[in-house]
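Novice: Contents of query.txt (compact mmCIF, C-alpha atoms) are given next:
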# COMPACT_ATOMS: atom_id res chain seq x y z
CA MET K 1 0.84 27.18 69.75
CA PRO K 2 -0.59 23.92 71.15
CA MET K 3 0.15 20.78 69.11
CA LYS K 4 -3.55 20.01 68.46
CA GLN K 5 -4.08 23.43 66.86
CA MET K 6 -1.03 23.00 64.63
CA VAL K 7 -2.26 19.61 63.38
CA LEU K 8 -5.73 21.02 62.69
CA ILE K 9 -4.33 23.96 60.67
CA PHE K 10 -2.10 21.62 58.65
CA MET K 11 -5.01 19.29 57.80
CA MET K 12 -7.17 22.25 56.71
CA PHE K 13 -4.32 23.46 54.48
CA ILE K 14 -4.04 20.09 52.76
CA ALA K 15 -7.81 19.78 52.27
CA GLY K 16 -8.05 23.18 50.62
CA CYS K 17 -4.89 23.08 48.51
CA PRO K 18 -5.86 22.88 44.78
CA SER K 19 -2.33 22.04 43.63
CA LEU K 20 -2.32 18.86 45.70
CA GLU K 21 -5.75 17.91 44.34
CA ARG K 22 -4.43 18.20 40.79
CA SER K 23 -1.41 16.13 41.66
CA GLU K 24 -3.53 13.28 43.02
CA THR K 25 -5.92 13.45 40.06
CA SER K 26 -3.21 13.41 37.44
CA THR K 27 -1.76 10.17 38.82
CA ALA K 28 -5.08 8.31 38.51
CA LYS K 29 -5.03 5.40 36.11
CA PRO K 30 -6.57 6.25 32.70
CA ARG K 31 -9.86 4.59 31.91
CA GLU K 32 -10.00 2.52 28.73
CA VAL K 33 -12.50 1.34 26.15
CA LEU K 34 -11.83 -0.96 23.20
CA ILE K 35 -13.83 -0.01 20.12
CA VAL K 36 -14.25 -2.94 17.73
CA TYR K 37 -15.65 -2.04 14.32
CA THR K 38 -16.82 -3.79 11.15
CA GLY K 39 -18.61 -2.82 7.94
CA ASN K 40 -18.76 -3.32 4.18
CA LEU K 41 -19.81 -6.96 4.71
CA LEU K 42 -21.71 -7.24 1.41
CA ALA K 43 -23.33 -10.50 2.55
CA GLU K 44 -19.98 -12.28 2.91
CA LEU K 45 -21.03 -15.13 5.18
CA LYS K 46 -17.89 -17.10 4.45
CA PRO K 47 -14.90 -16.54 2.15
CA CYS K 48 -15.02 -18.75 -0.91
CA GLY K 49 -11.58 -20.20 -0.21
CA CYS K 50 -10.43 -20.12 -3.83
CA SER K 51 -7.19 -18.40 -2.80
CA GLN K 52 -5.30 -18.53 0.47
CA GLU K 53 -4.68 -14.78 0.62
CA GLU K 54 -8.42 -14.07 0.37
CA ASP K 55 -9.37 -16.75 2.91
CA GLN K 56 -10.30 -14.18 5.55
CA GLY K 57 -13.50 -13.19 7.29
CA GLY K 58 -16.84 -14.92 7.64
CA ILE K 59 -19.37 -15.11 10.45
CA GLU K 60 -17.80 -18.25 11.94
CA ARG K 61 -14.47 -16.54 12.61
CA ARG K 62 -15.98 -13.17 13.53
CA MET K 63 -18.07 -14.67 16.32
CA GLN K 64 -15.10 -16.61 17.69
CA TYR K 65 -12.96 -13.45 17.63
CA LEU K 66 -15.67 -11.56 19.53
CA LYS K 67 -15.96 -14.25 22.19
CA ASP K 68 -12.18 -14.28 22.63
CA ILE K 69 -11.77 -10.50 22.81
CA ARG K 70 -14.68 -10.12 25.23
CA ARG K 71 -12.96 -12.51 27.61
CA GLU K 72 -9.78 -10.43 27.41
CA HIS K 73 -11.23 -6.93 27.65
CA PRO K 74 -14.04 -5.87 30.02
CA HIS K 75 -15.05 -2.68 28.20
CA ILE K 76 -15.88 -3.18 24.52
CA LEU K 77 -17.92 -1.04 22.14
CA LEU K 78 -18.93 -3.04 19.04
CA VAL K 79 -20.14 -1.03 16.04
CA ASP K 80 -20.78 -1.52 12.32
CA THR K 81 -20.75 1.07 9.52
CA GLY K 82 -23.37 -0.56 7.25
CA ASP K 83 -23.69 -2.15 3.80
CA HIS K 84 -24.60 -5.66 4.93
CA PHE K 85 -26.22 -6.81 1.68
CA LYS K 86 -25.11 -7.13 -1.91
CA GLU K 87 -27.70 -8.02 -4.55
CA PRO K 88 -31.51 -8.49 -4.69
CA THR K 89 -31.54 -12.17 -5.68
CA ARG K 90 -33.25 -15.07 -3.99
CA GLN K 91 -29.95 -16.39 -2.71
CA GLY K 92 -28.85 -12.86 -1.85
CA LYS K 93 -31.87 -12.40 0.40
CA LEU K 94 -31.21 -15.76 2.03
CA LYS K 95 -27.66 -14.61 2.78
CA ALA K 96 -29.02 -11.32 4.15
CA GLU K 97 -31.39 -13.12 6.51
CA THR K 98 -28.57 -15.35 7.74
CA LEU K 99 -26.27 -12.38 8.26
CA LEU K 100 -28.87 -10.50 10.30
CA THR K 101 -29.41 -13.55 12.50
CA ALA K 102 -25.65 -13.69 13.08
CA THR K 103 -25.59 -9.95 13.83
CA GLU K 104 -28.27 -10.39 16.47
CA GLN K 105 -26.25 -13.09 18.20
CA MET K 106 -23.04 -11.03 18.09
CA GLU K 107 -24.67 -8.32 20.27
CA TYR K 108 -23.57 -5.11 18.56
CA ASP K 109 -23.91 -1.78 20.37
CA ALA K 110 -24.71 0.23 17.23
CA VAL K 111 -25.30 -0.72 13.59
CA ALA K 112 -25.37 2.11 11.06
CA LEU K 113 -27.36 1.98 7.84
CA GLY K 114 -25.70 2.07 4.44
CA ASP K 115 -27.29 2.43 1.03
CA ARG K 116 -27.25 -1.35 0.41
CA ASP K 117 -29.06 -2.02 3.68
CA LEU K 118 -32.37 -0.84 2.20
CA LEU K 119 -32.13 -3.40 -0.62
CA TYR K 120 -35.08 -5.44 0.67
CA GLY K 121 -37.15 -2.60 2.12
CA SER K 122 -37.52 -1.11 5.57
CA LYS K 123 -39.72 -3.88 7.01
CA PHE K 124 -36.89 -6.36 6.42
CA LEU K 125 -34.82 -4.32 8.91
CA LYS K 126 -37.57 -3.21 11.25
CA ASP K 127 -38.48 -6.78 12.17
CA ARG K 128 -34.96 -7.31 13.51
CA THR K 129 -35.61 -5.52 16.78
CA GLN K 130 -32.60 -7.04 18.55
CA ILE K 131 -30.23 -5.14 16.24
CA PRO K 132 -29.44 -1.61 17.53
CA TRP K 133 -29.95 0.27 14.26
CA ILE K 134 -28.79 3.88 14.24
CA ALA K 135 -29.28 6.56 11.59
CA GLY K 136 -29.08 10.23 12.43
CA ASN K 137 -30.12 11.78 9.12
CA LEU K 138 -32.20 9.07 7.41
CA MET K 139 -35.98 9.42 7.67
CA ILE K 140 -37.35 6.05 6.53
CA ASP K 141 -41.03 5.21 6.00
CA HIS K 142 -42.37 2.78 8.62
CA PHE K 143 -38.96 2.45 10.30
CA GLU K 144 -37.46 4.68 12.96
CA PRO K 145 -33.94 3.67 13.96
CA ALA K 146 -32.34 5.52 16.88
CA ARG K 147 -30.76 8.84 15.95
CA SER K 148 -28.05 8.44 18.59
CA ARG K 149 -26.98 6.10 21.38
CA VAL K 150 -25.00 6.36 24.61
CA LYS K 151 -23.27 3.50 26.37
CA ILE K 152 -21.99 3.67 29.95
CA PHE K 153 -19.25 1.23 30.92
CA PRO K 154 -18.60 -0.24 34.38
CA ASN K 155 -15.43 1.87 34.67
CA GLY K 156 -17.58 5.00 34.41
CA LEU K 157 -16.71 5.92 30.84
CA LYS K 158 -19.61 7.24 28.83
CA VAL K 159 -19.48 6.97 25.02
CA GLY K 160 -21.87 8.74 22.67
CA ILE K 161 -22.52 7.18 19.25
CA LEU K 162 -23.86 9.00 16.19
CA ALA K 163 -24.37 7.86 12.60
CA VAL K 164 -24.95 9.75 9.35
CA ALA K 165 -24.91 8.81 5.67
CA ASP K 166 -24.10 10.69 2.49
CA PRO K 167 -27.35 11.55 0.64
CA GLY K 168 -25.63 11.06 -2.72
CA LEU K 169 -25.38 7.31 -2.17
CA PHE K 170 -29.12 6.76 -1.77
CA TYR K 171 -30.43 7.53 -5.25
CA GLY K 172 -33.63 5.74 -6.16
CA HIS K 173 -35.00 5.20 -2.64
CA ILE K 174 -38.50 6.68 -2.80
CA SER K 175 -39.44 5.79 0.80
CA LEU K 176 -36.60 7.82 2.21
CA SER K 177 -35.82 11.44 3.01
CA ILE K 178 -32.35 12.54 4.05
CA GLU K 179 -31.29 15.51 6.15
CA ASP K 180 -27.98 17.33 5.74
CA PRO K 181 -25.46 15.00 7.46
CA LYS K 182 -23.08 17.62 8.88
CA GLN K 183 -25.87 19.75 10.27
CA THR K 184 -27.43 16.62 11.74
CA VAL K 185 -24.20 15.83 13.59
CA LEU K 186 -24.03 19.33 15.05
CA ASN K 187 -27.70 19.21 16.04
CA LEU K 188 -27.23 15.89 17.84
CA ILE K 189 -23.93 16.67 19.55
CA THR K 190 -25.15 19.81 21.34
CA PRO K 191 -27.97 18.23 23.40
CA MET K 192 -25.91 15.06 23.93
CA ARG K 193 -23.09 17.04 25.51
CA GLU K 194 -25.50 19.05 27.64
CA THR K 195 -27.57 16.15 28.97
CA GLU K 196 -25.48 12.97 28.68
CA LYS K 197 -22.02 14.57 29.03
CA PRO K 198 -20.14 11.77 27.23
CA ASP K 199 -16.40 11.34 27.67
CA LEU K 200 -16.05 10.29 24.02
CA ILE K 201 -18.12 10.78 20.88
CA VAL K 202 -17.86 8.23 18.06
CA LEU K 203 -19.33 9.14 14.67
CA LEU K 204 -20.18 6.33 12.24
CA THR K 205 -20.29 7.64 8.68
CA HIS K 206 -21.40 6.01 5.47
CA ALA K 207 -19.75 7.97 2.69
CA LYS K 208 -16.85 8.03 0.29
CA ARG K 209 -13.54 8.48 2.05
CA GLU K 210 -12.93 12.04 0.81
CA SER K 211 -16.28 13.22 2.18
CA ALA K 212 -16.00 11.32 5.46
CA LEU K 213 -12.60 12.83 6.26
CA ASN K 214 -14.26 16.24 6.53
CA TYR K 215 -16.05 15.18 9.70
CA LEU K 216 -12.71 15.41 11.53
CA ASN K 217 -13.20 19.17 11.37
CA LEU K 218 -16.43 19.12 13.39
CA GLU K 219 -16.09 20.30 16.97
CA GLY K 220 -17.07 17.63 19.46
CA VAL K 221 -16.32 14.58 17.33
CA ASP K 222 -13.48 12.43 18.67
CA ILE K 223 -13.49 9.41 16.33
CA VAL K 224 -14.87 8.96 12.82
CA ILE K 225 -15.37 5.38 11.58
CA ASN K 226 -16.33 5.27 7.91
CA GLY K 227 -17.67 2.56 5.63
CA HIS K 228 -18.72 2.35 1.98
CA MET K 229 -17.85 0.31 -1.10
CA ASP K 230 -19.04 0.85 -4.66
CA THR K 231 -18.08 -2.71 -5.64
CA ASP K 232 -16.87 -5.69 -3.66
CA SER K 233 -13.44 -5.43 -5.28
CA ASP K 234 -12.77 -1.84 -4.18
CA ASP K 235 -9.47 -1.09 -2.47
CA ILE K 236 -10.03 0.34 1.01
CA ASP K 237 -7.43 2.56 2.67
CA MET K 238 -7.57 1.37 6.27
CA ALA K 239 -4.64 3.43 7.58
CA PRO K 240 -5.74 5.72 10.43
CA VAL K 241 -5.71 9.50 9.94
CA ARG K 242 -5.02 11.75 12.93
CA LYS K 243 -5.94 15.41 13.07
CA ASP K 244 -6.07 17.82 16.03
CA GLY K 245 -6.43 15.01 18.57
CA ARG K 246 -9.12 13.22 16.54
CA LEU K 247 -8.96 9.95 14.63
CA PHE K 248 -10.39 8.65 11.34
CA VAL K 249 -10.49 4.97 10.29
CA GLN K 250 -12.30 2.85 7.70
CA SER K 251 -13.92 -0.58 7.89
CA SER K 252 -12.30 -3.54 6.18
CA PRO K 253 -13.84 -4.87 2.94
CA ARG K 254 -16.18 -7.85 3.30
CA GLY K 255 -15.48 -8.32 7.01
CA GLN K 256 -12.01 -9.73 6.39
CA LYS K 257 -10.45 -7.84 9.28
CA MET K 258 -11.68 -6.60 12.64
CA GLY K 259 -10.77 -3.02 13.42
CA GLU K 260 -9.66 -2.28 16.97
CA LEU K 261 -9.31 1.13 18.60
CA ARG K 262 -7.93 1.11 22.12
CA VAL K 263 -8.90 4.46 23.64
CA GLN K 264 -7.55 5.71 26.95
CA ILE K 265 -8.90 8.80 28.69
CA ASP K 266 -7.06 10.25 31.67
CA ALA K 267 -8.56 12.15 34.58
CA ASP K 268 -8.04 15.45 32.75
CA GLY K 269 -9.98 14.22 29.71
CA ASN K 270 -6.94 13.76 27.49
CA LYS K 271 -7.40 10.96 24.96
CA SER K 272 -4.92 8.57 23.39
CA PHE K 273 -5.63 6.12 20.56
CA LYS K 274 -4.01 2.85 19.57
CA HIS K 275 -5.15 1.31 16.30
CA ASN K 276 -4.93 -2.33 15.22
CA LEU K 277 -6.33 -4.57 12.47
CA VAL K 278 -6.93 -8.26 13.20
CA LYS K 279 -7.00 -10.65 10.23
CA LEU K 280 -9.77 -13.20 10.43
CA ASP K 281 -7.66 -15.85 8.72
CA SER K 282 -7.15 -19.56 9.36
CA SER K 283 -5.51 -18.80 12.72
CA VAL K 284 -8.99 -17.94 14.06
CA LYS K 285 -11.11 -20.97 14.85
CA PHE K 286 -14.74 -21.41 13.76
CA ASP K 287 -17.40 -20.70 16.36
CA SER K 288 -19.73 -23.69 16.73
CA GLU K 289 -22.91 -21.58 16.82
CA MET K 290 -22.05 -19.87 13.55
CA VAL K 291 -21.03 -23.19 11.98
CA LYS K 292 -24.57 -24.46 12.62
CA LEU K 293 -26.09 -21.25 11.27
CA TYR K 294 -24.02 -21.49 8.09
CA GLU K 295 -24.97 -25.15 7.66
CA GLN K 296 -28.63 -24.12 7.84
CA TYR K 297 -27.98 -21.54 5.13
CA ASN K 298 -26.27 -24.18 2.99
CA GLU K 299 -29.23 -26.51 3.34
CA LYS K 300 -31.59 -23.79 2.13
CA VAL K 301 -29.35 -23.03 -0.86
CA GLU K 302 -29.28 -26.72 -1.73
CA ALA K 303 -33.08 -26.86 -1.50
CA ILE K 304 -33.34 -23.94 -3.93
CA PHE K 305 -30.92 -25.66 -6.32
CA PHE K 306 -32.97 -28.86 -6.51
CA GLU K 307 -36.21 -26.90 -6.63
CA THR K 308 -35.08 -25.16 -9.81
CA LEU K 309 -33.80 -28.31 -11.55
CA ALA K 310 -37.18 -29.29 -12.97
CA GLY K 311 -37.59 -25.91 -14.63
CA LYS K 312 -34.12 -26.07 -16.15
CA ARG K 313 -34.73 -29.57 -17.48
CA ASN K 314 -37.95 -28.49 -19.14
CA LYS K 315 -36.22 -25.53 -20.77
CA SER K 316 -33.18 -27.49 -21.92
CA LYS K 317 -32.57 -27.57 -25.65
CA GLN K 318 -29.89 -28.64 -28.06
CA SER K 319 -26.66 -27.63 -26.35
CA VAL K 320 -24.23 -25.26 -28.02
CA TYR K 321 -21.44 -26.98 -26.10
CA ALA K 322 -19.48 -29.96 -27.37
CA GLY K 323 -17.83 -31.02 -24.10
CA GLU K 324 -14.22 -31.91 -23.42
CA THR K 325 -14.48 -35.46 -24.78
CA VAL K 326 -15.31 -34.09 -28.24
CA CYS K 327 -12.51 -31.52 -28.03
CA LYS K 328 -10.11 -34.34 -27.16
CA THR K 329 -10.70 -35.99 -30.55
CA CYS K 330 -8.76 -33.32 -32.42
CA HIS K 331 -6.72 -31.86 -29.57
CA PRO K 332 -5.35 -34.79 -27.52
CA ALA K 333 -2.15 -33.04 -26.42
CA GLU K 334 -4.02 -29.95 -25.22
CA HIS K 335 -6.57 -32.16 -23.48
CA SER K 336 -3.81 -33.97 -21.63
CA VAL K 337 -2.45 -30.69 -20.27
CA TRP K 338 -5.95 -29.61 -19.26
CA SER K 339 -6.65 -32.91 -17.47
CA GLY K 340 -3.66 -32.40 -15.20
CA SER K 341 -4.49 -28.79 -14.36
CA GLY K 342 -6.64 -27.26 -11.65
CA HIS K 343 -9.22 -26.44 -14.31
CA GLY K 344 -9.67 -30.16 -14.92
CA ARG K 345 -10.51 -30.74 -11.24
CA ALA K 346 -12.56 -27.62 -10.58
CA TYR K 347 -15.84 -29.40 -9.93
CA ASP K 348 -14.26 -31.82 -7.45
CA THR K 349 -13.07 -28.90 -5.35
CA LEU K 350 -16.72 -27.93 -4.84
CA ARG K 351 -17.73 -31.46 -3.91
CA LYS K 352 -15.00 -31.62 -1.27
CA ILE K 353 -16.37 -28.55 0.52
CA ASN K 354 -20.04 -29.44 -0.04
CA LYS K 355 -20.65 -26.58 -2.47
CA ALA K 356 -21.53 -28.45 -5.67
CA PHE K 357 -25.07 -27.06 -5.42
CA ASP K 358 -24.22 -23.40 -4.80
CA PRO K 359 -25.01 -21.25 -7.88
CA GLU K 360 -22.49 -18.60 -6.85
CA CYS K 361 -19.74 -21.23 -6.97
CA LEU K 362 -20.93 -23.33 -9.90
CA VAL K 363 -20.77 -20.45 -12.35
CA CYS K 364 -16.95 -20.60 -12.27
CA HIS K 365 -16.51 -24.36 -11.87
CA VAL K 366 -18.61 -25.80 -14.71
CA VAL K 367 -19.47 -25.02 -18.34
CA GLY K 368 -22.38 -22.72 -19.12
CA PHE K 369 -24.18 -22.68 -15.77
CA ASN K 370 -27.46 -20.73 -16.04
CA ILE K 371 -27.01 -20.56 -19.81
CA PRO K 372 -29.39 -22.48 -22.13
CA GLY K 373 -27.73 -25.75 -23.07
CA GLY K 374 -25.17 -25.43 -20.26
CA PHE K 375 -24.56 -27.33 -17.05
CA ILE K 376 -27.69 -28.33 -15.12
CA SER K 377 -26.48 -30.87 -12.58
CA GLU K 378 -23.93 -33.63 -12.18
CA LEU K 379 -26.57 -36.21 -13.14
CA ASP K 380 -28.13 -34.25 -16.02
CA THR K 381 -24.99 -32.89 -17.68
CA PRO K 382 -21.94 -34.81 -16.40
CA GLY K 383 -20.00 -33.93 -19.55
CA LEU K 384 -20.01 -30.23 -18.64
CA LYS K 385 -18.32 -30.43 -15.25
CA ASN K 386 -15.09 -28.53 -14.56
CA VAL K 387 -13.55 -25.50 -16.29
CA GLN K 388 -13.36 -26.97 -19.77
CA CYS K 389 -12.04 -25.75 -23.12
CA GLU K 390 -15.28 -23.97 -23.98
CA ILE K 391 -15.14 -21.74 -20.91
CA CYS K 392 -12.18 -19.96 -22.49
CA HIS K 393 -12.65 -20.63 -26.20
CA GLY K 394 -16.44 -20.36 -26.40
CA PRO K 395 -19.19 -22.86 -27.30
CA GLY K 396 -17.68 -25.37 -29.70
CA ARG K 397 -20.40 -27.67 -31.08
CA ASP K 398 -20.48 -25.86 -34.42
CA HIS K 399 -16.69 -25.73 -34.52
CA ALA K 400 -16.49 -29.48 -33.88
CA SER K 401 -18.88 -30.11 -36.78
CA SER K 402 -17.04 -27.81 -39.16
CA PRO K 403 -13.55 -26.91 -37.84
CA GLU K 404 -11.99 -23.65 -38.95
CA SER K 405 -8.80 -21.89 -37.89
CA GLY K 406 -8.98 -18.92 -35.54
CA PHE K 407 -11.65 -20.42 -33.28
CA GLY K 408 -11.57 -19.11 -29.73
CA ASN K 409 -8.67 -16.73 -30.21
CA GLN K 410 -10.10 -14.32 -27.62
CA ALA K 411 -9.58 -16.81 -24.78
CA THR K 412 -7.49 -14.44 -22.66
CA GLU K 413 -10.52 -12.23 -22.03
CA ALA K 414 -12.45 -15.15 -20.53
CA CYS K 415 -10.00 -15.45 -17.62
CA LYS K 416 -11.17 -12.14 -16.18
CA GLN K 417 -14.70 -13.42 -15.66
CA CYS K 418 -13.69 -15.72 -12.80
CA HIS K 419 -10.18 -14.62 -11.89
CA VAL K 420 -11.48 -11.52 -10.14
CA LYS K 421 -9.81 -9.82 -7.20
CA ASN K 422 -12.00 -11.44 -4.54
CA HIS K 423 -11.22 -14.97 -5.70
CA SER K 424 -7.83 -14.60 -7.34
CA PRO K 425 -6.20 -11.36 -6.11
CA ARG K 426 -2.76 -12.15 -7.52
CA PHE K 427 -3.94 -13.17 -10.95
CA ASN K 428 -1.59 -12.16 -13.71
CA TYR K 429 -2.13 -13.70 -17.13
CA ALA K 430 1.56 -13.76 -18.01
CA LYS K 431 2.37 -15.68 -14.82
CA TYR K 432 -0.67 -17.96 -14.78
CA TRP K 433 -0.60 -19.00 -18.44
CA PRO K 434 2.53 -21.20 -18.11
CA ARG K 435 0.60 -23.38 -15.63
CA ILE K 436 -1.87 -24.42 -18.32
CA LYS K 437 0.07 -23.66 -21.49
CA HIS K 438 -1.11 -25.84 -24.38
Could you write out this structure as structure tokens?
Specialist:
Amino acid sequence: MPMKQMVLIFMMFIAGCPSLERSETSTAKPREVLIVYTGNLLAELKPCGCSQEEDQGGIERRMQYLKDIRREHPHILLVDTGDHFKEPTRQGKLKAETLLTATEQMEYDAVALGDRDLLYGSKFLKDRTQIPWIAGNLMIDHFEPARSRVKIFPNGLKVGILAVADPGLFYGHISLSIEDPKQTVLNLITPMRETEKPDLIVLLTHAKRESALNYLNLEGVDIVINGHMDTDSDDIDMAPVRKDGRLFVQSSPRGQKMGELRVQIDADGNKSFKHNLVKLDSSVKFDSEMVKLYEQYNEKVEAIFFETLAGKRNKSKQSVYAGETVCKTCHPAEHSVWSGSGHGRAYDTLRKINKAFDPECLVCHVVGFNIPGGFISELDTPGLKNVQCEICHGPGRDHASSPESGFGNQATEACKQCHVKNHSPRFNYAKYWPRIKH
């Protein structure tokens, strides 16, 4: 047989050999996407800083982390599981507005809706058109977030994103109707797989952990990222759960940690997951843009504080508090111990961080804030600064006028009002008492 014919036959054999095609395909480098997730923020713009172990999170560190990780990784999917807000107060709404502005600048790919996100009504969310809201089973009056999203990365990977919420969490919302979440997921996955053909499907759920884990059983779902907190002191189990090649994770409380899921998909469609949690602690620098945004928030809080002073002055009456100078008259030894403690310098700690006007801080750093006869301002009521005797022992003006034994013997219960998990996670009365024993 002539040489040219032999070469031609050999080339045709190679071109049509399926086993060689599979060999070449299987050696192709897996494509990768880094999923970064947050949730359960509860309007935590910045940690209060009362304890080192809880000094994590905040918009200033989160933005810096995002800028750093985006420089390191070319293919990032940034998602949030909802519950951005906390309470319907004037300051709470100011925090919510600031947080949404920060969210816009952080350029999320999908932001799910939790039950707390409807705290200020649908228009409050609808006006934030730069935020990619997503809600598969929530039908909200005058607001139509996307039911699903698909993102295509430069490396060719295509990721589908869905979001559903547990109807049981949305009691009392009259402008809302909710479809069955599991059926919604199935209804959305089918057309997505037929038309978009995603390589990966990520489901954002807003539910209690036990309910959300069930979504790992749904065919077509690859990753479930869940978020929900009943209170801001809830413990969150953030350990990943693997089942039948699928993965379940939960968002960190109050944005303290950034969740990372490094997903690799090979040419045969096989997926591998690597999970990591990044603490947003003091090792992460503050982003300058977010520093300015937080300063603007602070200025507005300060304006509200001074705006309300006149009303408080007009309502002031005979105080029920005696003040530490009166207590000192009969209890000099105890007063000396108090003066050298952190309680005796509590107000100064606020001044050092420019927070002596913040109502959320003042309530635990002065006597009787927002209570008739209590602290108004440093100029109006200088004798009620700091965590004084009457914070623990109760108002003492009557006691000072007519002393009797047994006054304030329930002081241990008062500690729990400010030494809560978020501010003092390691608080233990038996261990803390020796520091101020008197």
Novice: Quick one: pull the distance between atom CA of K:Val249 and atom CA of K:Asp222, Å, one decimal.
Specialist: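 Going from atom CA of K:Val249 over to atom CA of K:Asp222, I get 11.6 Å.
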Novice: Extract, using only C-alpha atoms, all DNA, RNA and protein residues at most 8 Å from K:Ser377, discarding same-chain residues fewer than 4 positions from it, and format them as a PyMOL selection string.
Specialist: chain K and resi 309+381-382
Novice: Find the spatial neighbours of stretch 161-167 of chain K, counting all atoms listed in the file, within a cut-off of 10 Å - ignore same-chain residues fewer than 4 positions away - and output them as number ranges by chain.
Specialist: K: 77, 79, 81-82, 109-115, 133-138, 146-151, 171, 177-182, 184-185, 188-189, 192, 198, 200-208, 211-212, 221, 223-228
Novice: Counting all atoms listed in the file, which of K:Ile391, K:Cys48, K:Ala43, K:Leu280 gets nearest to K:Asp232?
Specialist: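 Among the listed residues, K:Ala43 lies closest to K:Asp232.
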Novice: Near K:Lys292, within 12 Å and counting all atoms listed in the file, which residues show up once chain neighbours fewer than 3 positions away are dropped, as number ranges by chain?
Specialist: K: 59-60, 98, 101-102, 286-289, 295-299
Novice: What separation in Å, quoted to one decimal, exists between atom CA of K:Gln130 and atom CA of K:Met106?
Specialist: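 Value for the atom CA of K:Gln130-atom CA of K:Met106 distance: 10.4 Å.
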Novice: Pick the closest to K:His335 from K:Lys352, K:Arg62, K:Lys437, K:Lys46: which is it, counting only C-alpha atoms?
Specialist: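 Once distances to K:His335 are computed over only C-alpha atoms, the minimum belongs to K:Lys437.
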Novice: Under the rule that only C-alpha atoms are counted, which of K:Met63, K:Ile371, K:Ala356, K:Val159 is the nearest residue to K:Glu302?
Specialist: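 The shortest atom-to-atom distance to K:Glu302 comes from K:Ala356.
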Novice: One number please: atom CA of K:Lys279 to atom CA of K:Met229, in Å, one decimal.
Specialist: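 That distance, rounded to one decimal, is 19.1 Å.
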Novice: Using all atoms listed in the file, determine which residues lie at most 12 Å from stretch 92-97 of chain K, disregarding the query and same-chain residues fewer than 2 positions distant; provide the list as a PyMOL selection string.
Specialist: chain K and resi 41-46+58-59+83-90+99-104+116-121+124-125+127-128+293-304+358-360
Novice: Please determine, counting all atoms listed in the file, which residue among K:Gln388, K:Gln256, K:Gln91, K:Ser405 has the shortest atom-to-atom distance to K:Ser282.
Specialist: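 Checking each candidate against K:Ser282, we get K:Gln256 as the closest.
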Novice: Please write out, as AutoDock Vina command-line options, where the centre of an axis-aligned box around all listed atoms of stretch 140-150 of chain K lies and how long its edges are, in Å to one decimal, after adding 8 Å on each side.
Specialist:
--center_x -33.7 --center_y 5.6 --center_z 15.3 --size_x 33.4 --size_y 22.4 --size_z 34.6
Novice: From the set K:Arg61, K:Arg435, K:Lys197, K:Arg246, which residue has the shortest atom-to-atom contact distance to K:Val278, counting only C-alpha atoms?
Specialist: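 Among the listed residues, the smallest separation from K:Val278 belongs to K:Arg61.
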Novice: Check the smallest atom-to-atom distance from each of K:Ser339, K:Ser252, K:Ser401, K:Thr195 to K:Cys389 using only C-alpha atoms, then report the winner.
Specialist: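 Closest candidate: K:Ser339.
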Novice: Could you give me, as a ChimeraX atom specification, the residues within 8 Å of K:Leu350, counting all atoms listed in the file and dropping anything in the same chain fewer than 4 positions from it?
Specialist: /K:346,354-356,361,365
